[in-house]
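Heads up, the thing below is written out as structure tokens.
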Amino acid sequence: MSYVLRKKRLAIMLVIAMVFSLFAIFAVSDKHSADAATTSFRFVVMGDSRASTDGINETMLRELMTQVKGLSTQPAFVMFTGDQVQGGSDVETELYEWKAIVDDYYPINKFYPSLGNHEHDETVFTNVFNYLPSEQLSGYKRTAYYFDYGNSRFITLNSDRKNSSGNYVITSTQRNWLDSTLQGAANNGLIHTFVQWHVPAYPIGSHYGNSLDASPADRDAFWDIIDKHNVTAALVGHEHNYNRRLIDSSFNGNGYAFDKQIYQLTLGAAGAPLSSTVKDSKNVIVGPVAKYHYMTVDIADAVATFKVYDNNNSQLDSFKVDKSGSSSTSTTKSFQNGVYPTSSYAGNKDTYLSQYDATTNYGSITTLLVDGDDPGGSGKDKSAILEWDISSIPAGSTIKSASITLHVTDASSGSYELYRMKRNWSQSSSTWNQYSSGYNWEVAGANGTNDRGSTVLGTVTASSTGNYTFNLNSYGISQIQYWVDGTHSNNGFILSDSSVGDGLDFKSGETSTTSNRPKLTITYE
């Protein structure tokens, strides 16, 4: 071989080596990028999109999917807790219609449904959702399956099979498979595990007594596996509302002892007829909220952040589960008459005190007034007092933050301050002169040191109408902590400032539009 040919061959080999080196660099870079992306990702959960009598509630399903499609952080996939359709003799046609609807938003292989009691037919379900993993559990076709994404394992179970008594049950066959599948997640170093099925283990309302709870021994044997592997969350549907229930040792039974705290999350209102029925409210943290909704779950390494939104994109719930070993969870809970934590909540009372009408009670009025000069030029004050029953926050909780939302109807250029109320005042009889019928304030207008605190807990500067939210400061957070700990009696707040001459008006707990009522939101651990 000539010297020239050898030089050419050497040059070619050097070029090839450089190309492979660059490819290797890019491949490594891409791998690291993918690893980073998949340990920080979002998925969405919803369920029960069937119509009330036939087919699919297409209008609501599309409304929710449009909202999901508009999220600034897009989901990697969507879990669906069952009852996609009404079912019956044309269940196959309906399921194909459901696929056609959701495929308008994301590729169909981004959807992971569970078999609901309205789909019922395992063969049809398997044929329609032919992209799902098949026969991971022998004899269950595509109705029991799992997949891994990032640092998490997602398991879907079939809760539609029944025992000899006609009760829904997760049999020992599925339980054993679930146990080994969860153990496999741990063996592979996966941090989070989510288990999805349709019929709740612990229903609270319309299906109480005829879900998995109808066979309590089997139910407890099933939950024992959930508890043993400390799953991040259990996702169910069937009851047509949103509720979050904490399952802990207080649910021990049939020889099983649970030592973890795991949320059963009911996500059953993506179109099905809504229900707010409550038959068992034990350890229900939020709900039932009878609103159409979806949930986002954001995974960031060991922390899973859950947020639930209704079809108006209003937040219904927010909390975190930390799997780093600290076992700390934060919960956000709102209190608003007729809305939060449940539609039956009536723990907010409010009124205002008028110096100009010193003997008049305003406890039934729909608009609260605050002013330092009303009528104008008189120098007379108006102060609003508000209180929320927060006794459902567990004793021993640590308060992390708090805010109040008011629906302002007449804005103010001034700022008003929030103080602690010390008197056990009456909504129906308190006036400028008295905190309850026959009992005078220490100083009229709740201005005595035994009537109110002197430390500002928050400031309201509402310069425009509509919903206005302000955060309580560190003193306000401490005050709520005192209420939860029992150090102080919860007599609520007073909002006032005698030096502000521009009045502030906002809706009371008696206004007919429930979403405009005063709302207290507290985050705690």
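Going through the structure tokens in order, the chains are called A, B, and so on, while each chain numbers its residues from 1 and the ligands are numbered from 1 in the order shown.
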
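Residue neighbourhood of region 72-82 of chain A, excluding near-sequence residues (fewer than 4 positions): A:Phe41, A:Arg42, A:Phe43, A:Val44, A:Val45, A:Met46, A:Gly47, A:Asp48, A:Lys110, A:Phe111, A:Tyr112, A:Pro113, A:Ser114, A:Leu115, A:Gly116, A:Gln196, A:Trp197, A:His198, A:Leu235, A:Val236, A:Gly237, at 7 Å, using only C-alpha atoms.
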
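Non-sequential neighbours of Asn187 (chain A) (distance at most 12 Å, separation of 6 or more positions within a chain, only C-alpha atoms) are A:Arg153, A:Ser180, A:Thr181, A:His229.
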
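Interatomic distance, CA of Asn176 (chain A) against CA of Val297 (chain A): 27.4 Å.
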
With a cut-off of 10 Å, could you pull out the residues of region 84-191 of chain A touching region 56-62 of chain A and give me the nearest pair of atoms for each, distance in Å to one decimal, using only C-alpha atoms, ordered by chain and ascending number, as a tab-separated table?
```
residue	atom	partner	partner_atom	distance
A:Gln84	CA	A:Ile56	CA	7.2
A:Val85	CA	A:Ile56	CA	5.2
A:Gln86	CA	A:Ile56	CA	6.5
A:Gly87	CA	A:Ile56	CA	9.2
A:Glu94	CA	A:Ile56	CA	7.4
A:Leu95	CA	A:Ile56	CA	9.0
A:Glu97	CA	A:Ile56	CA	8.3
A:Trp98	CA	A:Ile56	CA	7.1
A:Ile101	CA	A:Arg62	CA	7.5
A:Val102	CA	A:Arg62	CA	7.8
A:Asp104	CA	A:Arg62	CA	9.2
A:Tyr105	CA	A:Arg62	CA	8.9
```

Task: One-decimal distance in Å that lies between CA of Leu246 (chain A) and CA of Ala217 (chain A) - done: 19.3 Å

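Residue nearest Tyr524 (chain A), chosen from A:Thr332, A:Ser378, A:Gln67, A:Thr431 and counting only C-alpha atoms: A:Thr332.
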
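Of the listed residues A:Ser138, A:Asp90, A:Glu63, A:Thr156, the one whose atoms come nearest to Val124 (chain A) is A:Asp90, with distances taken using only C-alpha atoms.
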
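Interatomic distance, CA of Asp259 (chain A) against CA of Asp224 (chain A): 9.5 Å.
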
TODO: Determine which residues of region 273-453 of chain A DSSP labels as strand (DSSP E) from the backbone of this structure, then write them out as a VMD selection string.
DONE: chain A and resid 284 to 289 293 to 300 303 to 310 315 to 322 329 to 335 348 to 354 367 to 370 382 to 388 399 to 410 416 to 420 434 to 436 439 to 440

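Taking only C-alpha atoms, the non-local environment of region 287-294 of chain A within 8 Å (same-chain residues fewer than 5 positions away omitted) comprises Val44, Val45, Met46, Met60, Leu64, His240, Asn241, Tyr242, Asn243, Arg244, Leu267, Ala269, Ala270, Gly271, Leu274, Ser275, Ser276, Thr277, Val278, Val308, Tyr309, Asp310, Asn311, Leu316, Val339, Tyr340, Pro341, Thr342 and Ser343 of chain A.
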
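Across A:Ala358, A:Val484, A:Ile390, A:Leu418, the tightest approach to Asn433 (chain A) is made by A:Ala358 when counting only C-alpha atoms.
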
Open item on the list: Please extract the residues of region 138-209 of chain A with a backbone DSSP assignment of alpha helix (DSSP H) and present them as a PyMOL selection string.
Closed with: chain A and resi 172-187

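Between Ser392 (chain A) and the residues A:Lys307, A:Lys507, A:Lys519, A:Lys282, the shortest atom-to-atom distance, using only C-alpha atoms, involves A:Lys282.
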
Open item on the list: Need to verify the contact set: Ile225 (chain A), 12 Å, only C-alpha atoms, exclusion of same-chain residues closer than 5 positions in sequence. Can you return it as a ChimeraX atom specification?
Closed with: /A:170,172,174-183,195,218-220,230-231,234,256-260,262

Selection above as a file: N, CA and C atoms, as an mmCIF file, in the first residue's frame:
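Output file result-v5.cif follows:
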```cif
data_model
loop_
_atom_site.group_PDB
_atom_site.id
_atom_site.type_symbol
_atom_site.label_atom_id
_atom_site.label_comp_id
_atom_site.auth_asym_id
_atom_site.auth_seq_id
_atom_site.Cartn_x
_atom_site.Cartn_y
_atom_site.Cartn_z
ATOM 1 N N ILE A 170 -61.196 -7.833 45.979
ATOM 2 C CA ILE A 170 -59.863 -8.061 45.404
ATOM 3 C C ILE A 170 -59.411 -9.404 45.964
ATOM 4 N N SER A 172 -57.428 -13.136 46.552
ATOM 5 C CA SER A 172 -56.052 -13.443 46.946
ATOM 6 C C SER A 172 -55.130 -13.518 45.732
ATOM 7 N N GLN A 174 -55.170 -11.582 43.011
ATOM 8 C CA GLN A 174 -54.713 -10.219 42.742
ATOM 9 C C GLN A 174 -53.865 -9.680 43.879
ATOM 10 N N ARG A 175 -54.240 -10.025 45.110
ATOM 11 C CA ARG A 175 -53.471 -9.522 46.254
ATOM 12 C C ARG A 175 -52.027 -10.021 46.198
ATOM 13 N N ASN A 176 -51.851 -11.306 45.885
ATOM 14 C CA ASN A 176 -50.503 -11.860 45.808
ATOM 15 C C ASN A 176 -49.695 -11.196 44.693
ATOM 16 N N TRP A 177 -50.366 -10.960 43.559
ATOM 17 C CA TRP A 177 -49.689 -10.287 42.448
ATOM 18 C C TRP A 177 -49.324 -8.852 42.826
ATOM 19 N N LEU A 178 -50.241 -8.166 43.508
ATOM 20 C CA LEU A 178 -49.971 -6.802 43.953
ATOM 21 C C LEU A 178 -48.781 -6.775 44.906
ATOM 22 N N ASP A 179 -48.748 -7.708 45.829
ATOM 23 C CA ASP A 179 -47.656 -7.784 46.805
ATOM 24 C C ASP A 179 -46.308 -7.927 46.094
ATOM 25 N N SER A 180 -46.235 -8.851 45.146
ATOM 26 C CA SER A 180 -44.962 -9.077 44.445
ATOM 27 C C SER A 180 -44.610 -7.910 43.523
ATOM 28 N N THR A 181 -45.629 -7.258 42.946
ATOM 29 C CA THR A 181 -45.370 -6.120 42.054
ATOM 30 C C THR A 181 -44.872 -4.917 42.837
ATOM 31 N N LEU A 182 -45.430 -4.697 43.999
ATOM 32 C CA LEU A 182 -44.943 -3.621 44.859
ATOM 33 C C LEU A 182 -43.545 -3.934 45.386
ATOM 34 N N GLN A 183 -43.310 -5.191 45.726
ATOM 35 C CA GLN A 183 -41.973 -5.572 46.181
ATOM 36 C C GLN A 183 -40.955 -5.385 45.067
ATOM 37 N N VAL A 195 -51.396 3.008 43.337
ATOM 38 C CA VAL A 195 -52.273 1.889 43.012
ATOM 39 C C VAL A 195 -53.648 2.453 42.678
ATOM 40 N N ASP A 218 -61.699 -9.516 53.348
ATOM 41 C CA ASP A 218 -60.921 -9.422 52.113
ATOM 42 C C ASP A 218 -60.404 -8.003 51.911
ATOM 43 N N ARG A 219 -61.232 -7.018 52.238
ATOM 44 C CA ARG A 219 -60.815 -5.627 52.104
ATOM 45 C C ARG A 219 -59.593 -5.341 52.971
ATOM 46 N N ASP A 220 -59.639 -5.807 54.224
ATOM 47 C CA ASP A 220 -58.524 -5.547 55.133
ATOM 48 C C ASP A 220 -57.259 -6.309 54.723
ATOM 49 N N ASN A 230 -46.401 0.787 51.968
ATOM 50 C CA ASN A 230 -46.471 2.238 52.171
ATOM 51 C C ASN A 230 -46.596 2.982 50.839
ATOM 52 N N VAL A 231 -47.626 2.634 50.061
ATOM 53 C CA VAL A 231 -47.792 3.250 48.749
ATOM 54 C C VAL A 231 -47.980 4.762 48.900
ATOM 55 N N ALA A 234 -53.515 5.813 47.028
ATOM 56 C CA ALA A 234 -54.478 4.903 46.410
ATOM 57 C C ALA A 234 -55.500 5.747 45.661
ATOM 58 N N TYR A 256 -55.825 -7.505 61.156
ATOM 59 C CA TYR A 256 -54.806 -6.728 60.449
ATOM 60 C C TYR A 256 -54.568 -5.415 61.179
ATOM 61 N N ALA A 257 -53.293 -5.046 61.289
ATOM 62 C CA ALA A 257 -52.912 -3.798 61.965
ATOM 63 C C ALA A 257 -52.147 -2.926 60.983
ATOM 64 N N PHE A 258 -52.666 -1.744 60.724
ATOM 65 C CA PHE A 258 -52.039 -0.801 59.790
ATOM 66 C C PHE A 258 -51.187 0.188 60.575
ATOM 67 N N ASP A 259 -49.952 0.365 60.158
ATOM 68 C CA ASP A 259 -49.080 1.293 60.884
ATOM 69 C C ASP A 259 -48.625 2.470 60.017
ATOM 70 N N LYS A 260 -49.181 2.572 58.797
ATOM 71 C CA LYS A 260 -48.854 3.704 57.923
ATOM 72 C C LYS A 260 -50.052 4.652 57.846
ATOM 73 N N ILE A 262 -51.957 6.470 54.863
ATOM 74 C CA ILE A 262 -52.042 6.481 53.401
ATOM 75 C C ILE A 262 -53.373 7.077 52.982
#
```

Open item on the list: I want to know what sits within 9 Å of Ala302 (chain A), based on only C-alpha atoms, with residues of the same chain fewer than 5 positions away left out; could you give that as number ranges by chain?
Closed with: A: 39, 151, 191-192, 321-325
